[in-house]
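Below: the structure, in structure tokens.
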Amino acid sequence: MGRSSKDKRDIYYRLAKEEGWRARSAFKLLQLDEEFNLFKGVRRAVDLCAAPGSWSQVLSRKLRGKEEKSEDVKIVAVDLQAMAPLPGVTQIQGDITKITTAQEIIRHFEGQPADLVVCDGAPDVTGLHDVDEYIQAQLLLAALNITTHVLKPGGTFVAKDVTPPAEDLLQRRDVRQTAEQPKLQHRGVCGV
Ligand SMILES: C[S@@+](CC[C@H](N)C(=O)[O-])C[C@H]1O[C@@H](n2cnc3c(N)ncnc32)[C@H](O)[C@@H]1O
């Protein structure tokens, strides 16, 4: 049975279609919110590696609610790939490991730092375990570097797929961390 047939049987795949989420991964963020109350008091957020945009959809719905205009809400979404527009979400197409992309993100939060940074980054896999682990760790390092510039003290950083070296990295950066396994899939870390 092909991958897409398998996916179609997946309860979260069907639920995402029904509820209008762009990807089933929306439920990972919603589950983390149930567990950690992630969005409480959050008005400014960054979504790193955001395409096709289901986490940005969650942020848009949770932070803006039903209000047509939420002047104080700011959501910046970044990905290598272009994304279809979302209400209240500013999009940047770029590579988060590049200094120019990092600078562009940082510019959006100068003066008023973000309350929340999320990163669901997944590089293309090469099939070579060590290489893939290294690239994944580099992506997390890039996300963490950007976070140190845009996140307010006491803000929340959420990232997925942390390899053992990257966990060490978070500890070295003195980030308080909680390992969490959303019901949907993927090992993740929520640093607060
Ligand atoms: C699993 S998808 C993210 C799904 C997204 N959270 C959602 O809910 O729709 C992983 C994304 O990471 C992006 N990505 C991988 N490496 C990146 C990089 N260096 N800079 C920016 N985005 C990257 C990919 O383009 C891909 O869209």
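We label chains A, B, ... in the order they appear in the structure tokens, count residues from 1 in each chain, and number ligands from 1 in the order shown.
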Inset, instruction - May I have the residues within 9 Å of Gln57 (chain A) as an MDAnalysis selection string, using only C-alpha atoms and disregarding those fewer than 5 positions away in the same chain? - result: chainID A and resid 21:22 26 62 86:87 89
Inset, instruction - Tell me which protein, DNA and RNA residues are within 8 Å of region 36-42 of chain A, counting only C-alpha atoms, leaving out same-chain ones fewer than 2 positions away, and put them as a count of residues only. - result: 10
Inset, instruction - Kindly provide, as a PyMOL selection string, all nucleotide and amino acid residues lying within 6 Å of ligand 1, counting only C-alpha atoms and all ligand atoms. - result: chain A and resi 23+25-26+49-55+79-81+94-97+120-123
Write a file of the selected residues as a PDB file, in the first residue's frame, keeping N, CA and C atoms.
```pdb
ATOM      1  N   ALA A  23      -2.377  21.024   6.984  1.00  0.00           N
ATOM      2  CA  ALA A  23      -1.634  19.772   7.225  1.00  0.00           C
ATOM      3  C   ALA A  23      -2.062  19.202   8.569  1.00  0.00           C
ATOM      4  N   SER A  25      -0.240  18.252  10.796  1.00  0.00           N
ATOM      5  CA  SER A  25       0.660  18.676  11.872  1.00  0.00           C
ATOM      6  C   SER A  25       0.048  19.782  12.734  1.00  0.00           C
ATOM      7  N   ALA A  26      -1.036  20.410  12.253  1.00  0.00           N
ATOM      8  CA  ALA A  26      -1.747  21.392  13.084  1.00  0.00           C
ATOM      9  C   ALA A  26      -2.065  20.796  14.457  1.00  0.00           C
ATOM     10  N   CYS A  49      10.020  27.638   9.446  1.00  0.00           N
ATOM     11  CA  CYS A  49       9.790  26.440   8.626  1.00  0.00           C
ATOM     12  C   CYS A  49       8.282  26.147   8.596  1.00  0.00           C
ATOM     13  N   ALA A  50       7.549  27.087   8.060  1.00  0.00           N
ATOM     14  CA  ALA A  50       6.103  27.143   8.272  1.00  0.00           C
ATOM     15  C   ALA A  50       5.247  26.468   7.203  1.00  0.00           C
ATOM     16  N   ALA A  51       5.801  26.241   5.996  1.00  0.00           N
ATOM     17  CA  ALA A  51       4.958  25.755   4.888  1.00  0.00           C
ATOM     18  C   ALA A  51       4.527  24.288   5.100  1.00  0.00           C
ATOM     19  N   PRO A  52       3.345  23.906   4.691  1.00  0.00           N
ATOM     20  CA  PRO A  52       2.362  24.688   3.938  1.00  0.00           C
ATOM     21  C   PRO A  52       1.554  25.665   4.790  1.00  0.00           C
ATOM     22  N   GLY A  53       1.713  25.619   6.126  1.00  0.00           N
ATOM     23  CA  GLY A  53       1.132  26.700   6.912  1.00  0.00           C
ATOM     24  C   GLY A  53       0.120  26.314   7.976  1.00  0.00           C
ATOM     25  N   SER A  54       0.068  25.033   8.341  1.00  0.00           N
ATOM     26  CA  SER A  54      -0.975  24.677   9.323  1.00  0.00           C
ATOM     27  C   SER A  54      -0.660  25.244  10.718  1.00  0.00           C
ATOM     28  N   TRP A  55       0.628  25.333  11.088  1.00  0.00           N
ATOM     29  CA  TRP A  55       0.944  25.937  12.395  1.00  0.00           C
ATOM     30  C   TRP A  55       0.627  27.432  12.361  1.00  0.00           C
ATOM     31  N   ASP A  79       9.629  30.263   5.476  1.00  0.00           N
ATOM     32  CA  ASP A  79       9.940  28.945   4.898  1.00  0.00           C
ATOM     33  C   ASP A  79      10.702  29.131   3.599  1.00  0.00           C
ATOM     34  N   LEU A  80      11.410  28.072   3.217  1.00  0.00           N
ATOM     35  CA  LEU A  80      12.080  28.044   1.913  1.00  0.00           C
ATOM     36  C   LEU A  80      11.046  28.157   0.803  1.00  0.00           C
ATOM     37  N   GLN A  81       9.883  27.579   1.077  1.00  0.00           N
ATOM     38  CA  GLN A  81       8.847  27.528   0.047  1.00  0.00           C
ATOM     39  C   GLN A  81       7.802  28.621   0.259  1.00  0.00           C
ATOM     40  N   GLY A  94      12.434  32.270   2.674  1.00  0.00           N
ATOM     41  CA  GLY A  94      13.888  32.266   2.836  1.00  0.00           C
ATOM     42  C   GLY A  94      14.369  31.084   3.648  1.00  0.00           C
ATOM     43  N   ASP A  95      15.685  30.975   3.677  1.00  0.00           N
ATOM     44  CA  ASP A  95      16.359  29.874   4.375  1.00  0.00           C
ATOM     45  C   ASP A  95      16.738  30.371   5.774  1.00  0.00           C
ATOM     46  N   ILE A  96      16.229  29.713   6.811  1.00  0.00           N
ATOM     47  CA  ILE A  96      16.481  30.220   8.173  1.00  0.00           C
ATOM     48  C   ILE A  96      17.944  30.063   8.601  1.00  0.00           C
ATOM     49  N   THR A  97      18.721  29.281   7.847  1.00  0.00           N
ATOM     50  CA  THR A  97      20.139  29.152   8.189  1.00  0.00           C
ATOM     51  C   THR A  97      20.967  30.286   7.580  1.00  0.00           C
ATOM     52  N   ASP A 120       9.006  23.913  13.148  1.00  0.00           N
ATOM     53  CA  ASP A 120       8.646  22.534  12.779  1.00  0.00           C
ATOM     54  C   ASP A 120       9.530  22.083  11.612  1.00  0.00           C
ATOM     55  N   GLY A 121      10.758  22.587  11.595  1.00  0.00           N
ATOM     56  CA  GLY A 121      11.634  22.384  10.444  1.00  0.00           C
ATOM     57  C   GLY A 121      11.987  20.932  10.178  1.00  0.00           C
ATOM     58  N   ALA A 122      12.004  20.607   8.901  1.00  0.00           N
ATOM     59  CA  ALA A 122      12.415  19.264   8.484  1.00  0.00           C
ATOM     60  C   ALA A 122      13.156  19.401   7.161  1.00  0.00           C
ATOM     61  N   PRO A 123      14.478  19.200   7.180  1.00  0.00           N
ATOM     62  CA  PRO A 123      15.214  19.276   5.911  1.00  0.00           C
ATOM     63  C   PRO A 123      14.923  18.055   5.042  1.00  0.00           C
TER      64      PRO A 123
END
```
Inset, instruction - Apply DSSP to the structure's backbone, then extract all residues of region 61-169 of chain A labelled strand (DSSP E or B) and return them as a list in words. - result: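 For region 61-169 of chain A, the strand (DSSP E or B) set is Lys74, Ile75, Val76, Ala77, Val78, Asp79, Val89, Thr90, Gln91, Ile92, Gln93, Ala114, Asp115, Leu116, Val117, Val118, Cys119, Leu151, Lys152, Pro153, Gly154, Gly155, Thr156, Phe157, Val158, Ala159 and Lys160 of chain A.
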